[in-house]
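target20.txt follows; it contains compact mmCIF, C-alpha atoms.
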```
# COMPACT_ATOMS: atom_id res chain seq x y z
CA VAL E 1 -269.21 -161.26 -19.75
CA TRP E 2 -270.35 -157.65 -19.30
CA THR E 3 -273.48 -158.56 -17.38
CA ALA E 4 -271.32 -160.51 -14.94
CA ASP E 5 -269.05 -157.51 -14.23
CA ARG E 6 -270.97 -154.31 -14.86
CA GLU E 7 -268.43 -152.12 -13.10
CA LEU E 8 -265.71 -153.29 -15.48
CA TYR E 9 -268.06 -152.77 -18.40
CA LEU E 10 -268.82 -149.16 -17.42
CA GLU E 11 -265.15 -148.40 -16.86
CA THR E 12 -264.28 -149.88 -20.27
CA TRP E 13 -267.12 -148.00 -21.98
CA THR E 14 -266.00 -144.69 -20.44
CA LEU E 15 -262.36 -145.34 -21.33
CA LEU E 16 -263.22 -146.05 -24.97
CA ALA E 17 -265.40 -142.94 -25.22
CA GLY E 18 -262.51 -140.88 -23.87
CA ILE E 19 -260.10 -142.35 -26.41
CA ILE E 20 -262.49 -141.55 -29.25
CA ALA E 21 -262.78 -137.95 -28.01
CA GLN E 22 -259.01 -137.55 -27.95
CA HIS E 23 -258.27 -139.42 -31.19
CA PRO E 24 -261.32 -139.10 -33.48
CA ALA E 25 -259.32 -139.84 -36.62
CA ALA E 26 -258.56 -143.30 -35.24
CA ALA E 27 -262.29 -143.99 -34.72
CA ASN E 28 -263.40 -144.02 -38.34
CA SER E 29 -265.96 -146.48 -39.59
CA ALA E 30 -264.77 -149.70 -41.19
CA ILE E 31 -267.18 -148.94 -44.05
CA ILE E 32 -265.49 -147.17 -46.97
CA VAL E 33 -267.66 -144.32 -48.20
CA GLN E 34 -268.24 -144.36 -51.95
CA GLY E 35 -270.57 -141.60 -53.01
CA ARG E 36 -273.41 -140.89 -50.60
CA HIS E 37 -273.04 -141.90 -46.97
CA ASP E 38 -274.85 -144.94 -45.63
CA TRP E 39 -274.89 -143.59 -42.10
CA ILE E 40 -276.56 -146.59 -40.49
CA SER E 41 -274.03 -149.09 -41.82
CA GLU E 42 -271.17 -146.72 -41.08
CA ALA E 43 -272.38 -146.21 -37.50
CA LEU E 44 -272.72 -149.93 -36.88
CA ASN E 45 -269.12 -150.36 -37.95
CA ALA E 46 -267.65 -147.43 -36.04
CA PRO E 47 -266.54 -147.30 -32.39
CA ALA E 48 -268.86 -144.44 -31.39
CA GLY E 49 -271.82 -146.11 -33.08
CA ARG E 50 -271.09 -149.37 -31.30
CA LEU E 51 -270.86 -147.62 -27.94
CA ALA E 52 -274.26 -146.03 -28.60
CA ASP E 53 -275.67 -149.42 -29.56
CA HIS E 54 -274.34 -150.95 -26.34
CA LEU E 55 -276.32 -148.41 -24.32
CA PHE E 56 -279.54 -150.06 -25.43
CA ASP E 57 -278.19 -153.57 -24.99
CA GLU E 58 -277.94 -152.66 -21.30
CA LEU E 59 -281.73 -152.39 -21.09
CA SER E 60 -282.00 -156.18 -21.08
CA TRP E 61 -279.80 -156.46 -17.99
CA ASN E 62 -282.60 -155.59 -15.59
CA GLU E 63 -285.96 -157.21 -15.08
CA GLY E 64 -289.13 -155.22 -15.63
CA PRO E 65 -289.92 -152.52 -18.20
CA ASP E 66 -287.16 -150.67 -20.01
CA THR E 67 -286.31 -147.33 -18.44
CA LEU E 68 -284.12 -144.40 -19.43
CA THR E 69 -281.60 -144.33 -16.61
CA GLU E 70 -279.48 -141.36 -15.59
CA SER E 71 -276.40 -143.33 -16.65
CA LEU E 72 -277.82 -143.82 -20.12
CA ARG E 73 -278.62 -140.11 -20.38
CA GLU E 74 -275.18 -139.04 -19.26
CA ARG E 75 -273.31 -141.40 -21.55
CA SER E 76 -275.54 -140.49 -24.51
CA GLN E 77 -274.55 -136.87 -23.91
CA ILE E 78 -270.88 -137.88 -23.86
CA LEU E 79 -271.30 -139.47 -27.29
CA LEU E 80 -273.24 -136.51 -28.67
CA ALA E 81 -270.43 -134.19 -27.56
CA LEU E 82 -267.74 -136.06 -29.52
CA PRO E 83 -265.93 -134.47 -32.50
CA PRO E 84 -268.03 -134.34 -35.71
CA ASP E 85 -267.30 -137.72 -37.34
CA PRO E 86 -267.82 -139.95 -34.29
CA GLN E 87 -270.64 -137.65 -33.20
CA ALA E 88 -272.38 -138.42 -36.48
CA HIS E 89 -272.05 -142.15 -35.90
CA ALA E 90 -273.45 -141.84 -32.38
CA ALA E 91 -276.26 -139.54 -33.57
CA ALA E 92 -277.35 -142.07 -36.20
CA GLN E 93 -277.66 -144.81 -33.60
CA LEU E 94 -279.37 -142.67 -30.99
CA ALA E 95 -281.80 -141.19 -33.52
CA MET E 96 -282.86 -144.74 -34.41
CA ARG E 97 -284.28 -144.77 -30.85
CA ALA E 98 -285.67 -141.22 -30.94
CA ASN E 99 -289.26 -142.40 -30.45
CA TRP E 100 -288.32 -144.50 -27.42
CA LEU E 101 -286.19 -141.72 -25.95
CA TYR E 102 -288.97 -139.19 -26.44
CA LEU E 103 -291.58 -141.40 -24.82
CA HIS E 104 -289.36 -141.91 -21.76
CA ASP E 105 -287.94 -138.38 -21.46
CA PRO E 106 -289.26 -135.83 -23.97
CA ASP E 107 -287.41 -132.91 -22.37
CA TRP E 108 -284.03 -134.64 -22.61
CA THR E 109 -284.70 -135.74 -26.20
CA VAL E 110 -285.77 -132.26 -27.30
CA LYS E 111 -282.71 -130.71 -25.67
CA HIS E 112 -279.99 -133.14 -26.75
CA LEU E 113 -281.11 -135.12 -29.81
CA VAL E 114 -283.78 -133.20 -31.71
CA PRO E 115 -281.48 -130.21 -32.45
CA LEU E 116 -279.05 -132.57 -34.20
CA ILE E 117 -281.86 -133.95 -36.37
CA GLU E 118 -282.96 -130.39 -37.13
CA GLN E 119 -279.52 -129.56 -38.53
CA GLY E 120 -280.81 -131.35 -41.60
CA SER E 121 -278.58 -131.86 -44.58
CA ALA E 122 -276.41 -128.88 -43.66
CA THR E 123 -274.02 -131.09 -41.67
CA ASP E 124 -272.91 -134.71 -41.62
CA VAL E 125 -274.21 -134.98 -38.05
CA GLY E 126 -277.63 -133.77 -39.21
CA GLU E 127 -277.63 -136.17 -42.16
CA ALA E 128 -276.70 -139.06 -39.88
CA ALA E 129 -279.36 -138.16 -37.33
CA ILE E 130 -282.02 -137.91 -40.04
CA ALA E 131 -280.98 -141.30 -41.40
CA GLY E 132 -281.38 -142.82 -37.95
CA PHE E 133 -284.70 -141.10 -37.29
CA LEU E 134 -286.16 -142.31 -40.58
CA ARG E 135 -284.95 -145.88 -39.99
CA GLN E 136 -287.37 -146.32 -37.08
CA SER E 137 -290.11 -148.87 -37.67
CA HIS E 138 -292.86 -147.02 -35.78
CA PHE E 139 -294.54 -143.66 -36.25
CA PRO E 140 -293.14 -140.92 -33.98
CA PRO E 141 -295.19 -139.57 -31.07
CA ASN E 142 -297.47 -136.82 -32.32
CA GLU E 143 -295.64 -134.02 -30.50
CA LEU E 144 -292.28 -135.12 -31.87
CA LEU E 145 -293.65 -135.39 -35.39
CA LEU E 146 -295.17 -131.90 -35.21
CA ARG E 147 -291.82 -130.51 -34.05
CA LEU E 148 -290.01 -132.13 -36.98
CA LYS E 149 -292.75 -131.72 -39.60
CA PRO E 150 -291.19 -128.64 -41.28
CA LEU E 151 -287.92 -130.51 -41.69
CA MET E 152 -289.65 -133.63 -43.03
CA LEU E 153 -291.56 -131.56 -45.59
CA ALA E 154 -288.36 -129.80 -46.66
CA LEU E 155 -286.64 -133.16 -47.09
CA PHE E 156 -289.62 -134.48 -49.05
CA ALA E 157 -289.43 -131.51 -51.40
CA ASN E 158 -285.75 -132.14 -52.16
CA GLU E 159 -285.21 -135.89 -51.69
CA GLN E 160 -283.99 -137.53 -54.91
CA SER E 161 -282.41 -140.79 -53.74
CA MET E 162 -283.94 -144.26 -53.99
CA SER E 163 -282.66 -145.35 -50.59
CA ARG E 164 -284.59 -146.84 -47.70
CA ARG E 165 -284.58 -143.36 -46.19
CA HIS E 166 -286.42 -142.16 -49.30
CA ASP E 167 -289.12 -144.84 -48.89
CA ASN E 168 -289.52 -144.23 -45.16
CA LEU E 169 -289.83 -140.49 -45.69
CA GLN E 170 -292.71 -141.09 -48.12
CA SER E 171 -294.39 -143.38 -45.58
CA LEU E 172 -293.96 -140.80 -42.81
CA ILE E 173 -295.44 -138.01 -44.92
CA LEU E 174 -298.48 -140.08 -45.86
CA ALA E 175 -298.96 -141.41 -42.33
CA SER E 176 -298.87 -137.83 -41.03
CA TRP E 177 -301.83 -137.04 -43.25
CA PHE E 178 -303.80 -140.10 -42.10
CA ARG E 179 -303.01 -139.61 -38.42
CA LYS E 180 -305.05 -137.20 -36.28
CA ASP E 181 -304.50 -135.43 -32.99
CA ALA E 182 -306.78 -135.56 -29.94
CA GLU E 183 -309.05 -132.91 -31.47
CA GLY E 184 -309.45 -134.86 -34.70
CA ASN E 185 -307.19 -132.64 -36.81
CA ARG E 186 -304.79 -134.24 -39.27
CA LEU E 187 -301.15 -133.90 -38.25
CA LEU E 188 -300.48 -132.95 -41.85
CA ALA E 189 -303.32 -130.91 -43.29
CA SER E 190 -304.70 -131.86 -46.69
CA ASP E 191 -303.62 -128.51 -48.16
CA ASP E 192 -300.08 -129.08 -46.90
CA LEU E 193 -299.98 -132.56 -48.40
CA ARG E 194 -301.26 -131.23 -51.72
CA GLU E 195 -298.58 -128.51 -51.74
CA ALA E 196 -295.91 -131.05 -50.85
CA LEU E 197 -296.96 -133.32 -53.71
CA ILE E 198 -296.93 -130.40 -56.16
CA THR E 199 -293.43 -129.28 -55.24
CA THR E 200 -291.75 -132.68 -54.83
CA SER E 201 -290.25 -134.94 -57.48
CA GLU E 202 -292.17 -137.25 -59.78
CA SER E 203 -290.65 -140.29 -58.05
CA ASN E 204 -291.99 -139.08 -54.70
CA ARG E 205 -295.48 -138.56 -56.13
CA LEU E 206 -295.45 -142.05 -57.61
CA GLY E 207 -294.17 -143.44 -54.32
CA ILE E 208 -297.09 -141.88 -52.41
CA LEU E 209 -299.54 -143.27 -54.95
CA ARG E 210 -298.04 -146.75 -54.54
CA LEU E 211 -298.41 -146.50 -50.78
CA ILE E 212 -302.06 -145.50 -51.10
CA ALA E 213 -302.70 -148.35 -53.55
CA ASN E 214 -301.23 -150.85 -51.09
```
When written as structure tokens, how does the structure in this file appear?
Amino acid sequence: VWTADRELYLETWTLLAGIIAQHPAAANSAIIVQGRHDWISEALNAPAGRLADHLFDELSWNEGPDTLTESLRERSQILLALPPDPQAHAAAQLAMRANWLYLHDPDWTVKHLVPLIEQGSATDVGEAAIAGFLRQSHFPPNELLLRLKPLMLALFANEQSMSRRHDNLQSLILASWFRKDAEGNRLLASDDLREALITTSESNRLGILRLIAN
């Protein structure tokens, strides 16, 4: 129905985003939090997360390669400017596309999305953005990884959970050591990997060994 009336769709999308901004308490996720947040599930079941998800559904409306349109940029910024709880849900969904966003517009991504990821565990928005970033199925572009490498190493040193985020963080750390830049230098130097393995938990060390064995 939305592809048949895109003007109505955009008006509805904008109206809903405005309602969330004015009444954030009414835009909670349908997922009840028990213990640690599952930001991806919460975002998928929250209005702001669904609006973010719809942005990328729009990419299939046009023929040809996917492009980051000005409308998508502007409405992403609307979502990332919401009050903290819905902002976290939107950040989780957008960070799941951080690689794609960076490849299509690195300047926009560094300005609007990367700072939220870099908040780290200090805020719910940072936690949600990290969860989304680590849920991606592909390795980040080298420049993006180098920007976020200090944060990833800090997370690796402190991560204690057995979640999918935990497993993906281990994979990202190891892949950073295997991967090289244009000059042939490892994105994560051997000395840095050794230091990370010394300071991290036993479960992380065993996880890296399992990845190498596989």
Give as a PyMOL selection string every residue, naming chains and numbers as the document does, that has an atom within 6 Å of (-280.0, -140.5, -37.9), counting all atoms listed in the file. chain E and resi 91-92+95+128-133
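One distance worth recording is that between CA of Asn168 (chain E) and CA of Ala182 (chain E), which is 24.6 Å.
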Can you work out the spacing between CA of Asp105 (chain E) and CA of Leu68 (chain E) in Å, to one decimal? 7.4 Å
Pick from E:Asp124, E:Glu143, E:Asp85, E:Asp66 nearest to Asp107 (chain E), counting all atoms listed in the file: E:Glu143
I'd like the neighbourhood of Ile78 (chain E) as a PyMOL selection string, where a residue qualifies if any of its atoms comes within 12 Å (using all atoms listed in the file), though same-chain residues fewer than 3 positions away should be ignored. chain E and resi 13-21+48+51-52+55+71-75+81-83+86-87+90-91+112
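The closest residue to Arg186 (chain E), picked from E:Asn142, E:Gln119, E:Ser171, E:Thr200 and counting only C-alpha atoms, is E:Asn142.
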Using all atoms listed in the file: which of E:Leu8, E:Leu197, E:Ile212, E:Val114 has the shortest distance to Leu101 (chain E):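 Counting all atoms listed in the file, the residue closest to Leu101 (chain E) is E:Val114.
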One number please: CA of His104 (chain E) to CA of Phe56 (chain E), in Å, one decimal.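 Atom-to-atom, CA of His104 (chain E) to CA of Phe56 (chain E), that is 13.3 Å.
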Might you pull out every residue within 10 Å of Ser41 (chain E), with only C-alpha atoms counted and same-chain residues fewer than 6 positions away left off, and present them as a list of chain:residue names?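 So the residues in contact are E:Ser29, E:Ala30, E:Ile31, E:Gly49, E:His89, E:Ala92, E:Gln93.
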Rank nothing, just name the residue among E:Leu169, E:Leu153, E:Ala43, E:Ala213 nearest to Thr199 (chain E), using all atoms listed in the file.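 Looking at the shortest contact to Thr199 (chain E), the residue is E:Leu153.
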Using all atoms listed in the file, find the one residue out of E:Leu148, E:Leu188, E:Met96, E:Ile173 that sits nearest to Pro115 (chain E).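 Selected residue with least distance to Pro115 (chain E): E:Leu148.
Distance check against Leu172 (chain E) using all atoms listed in the file: of E:Leu187, E:Ala25, E:Leu113, E:Ala122, the minimum falls on E:Leu187.
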Listed atoms of region 142-146 of chain E boxed along x, y and z, 5 Å each side, centre and edge lengths in Å, one decimal, as JSON:
```
{"center_x": -294.9, "center_y": -134.4, "center_z": -32.9, "size_x": 15.2, "size_y": 14.9, "size_z": 14.9}
```
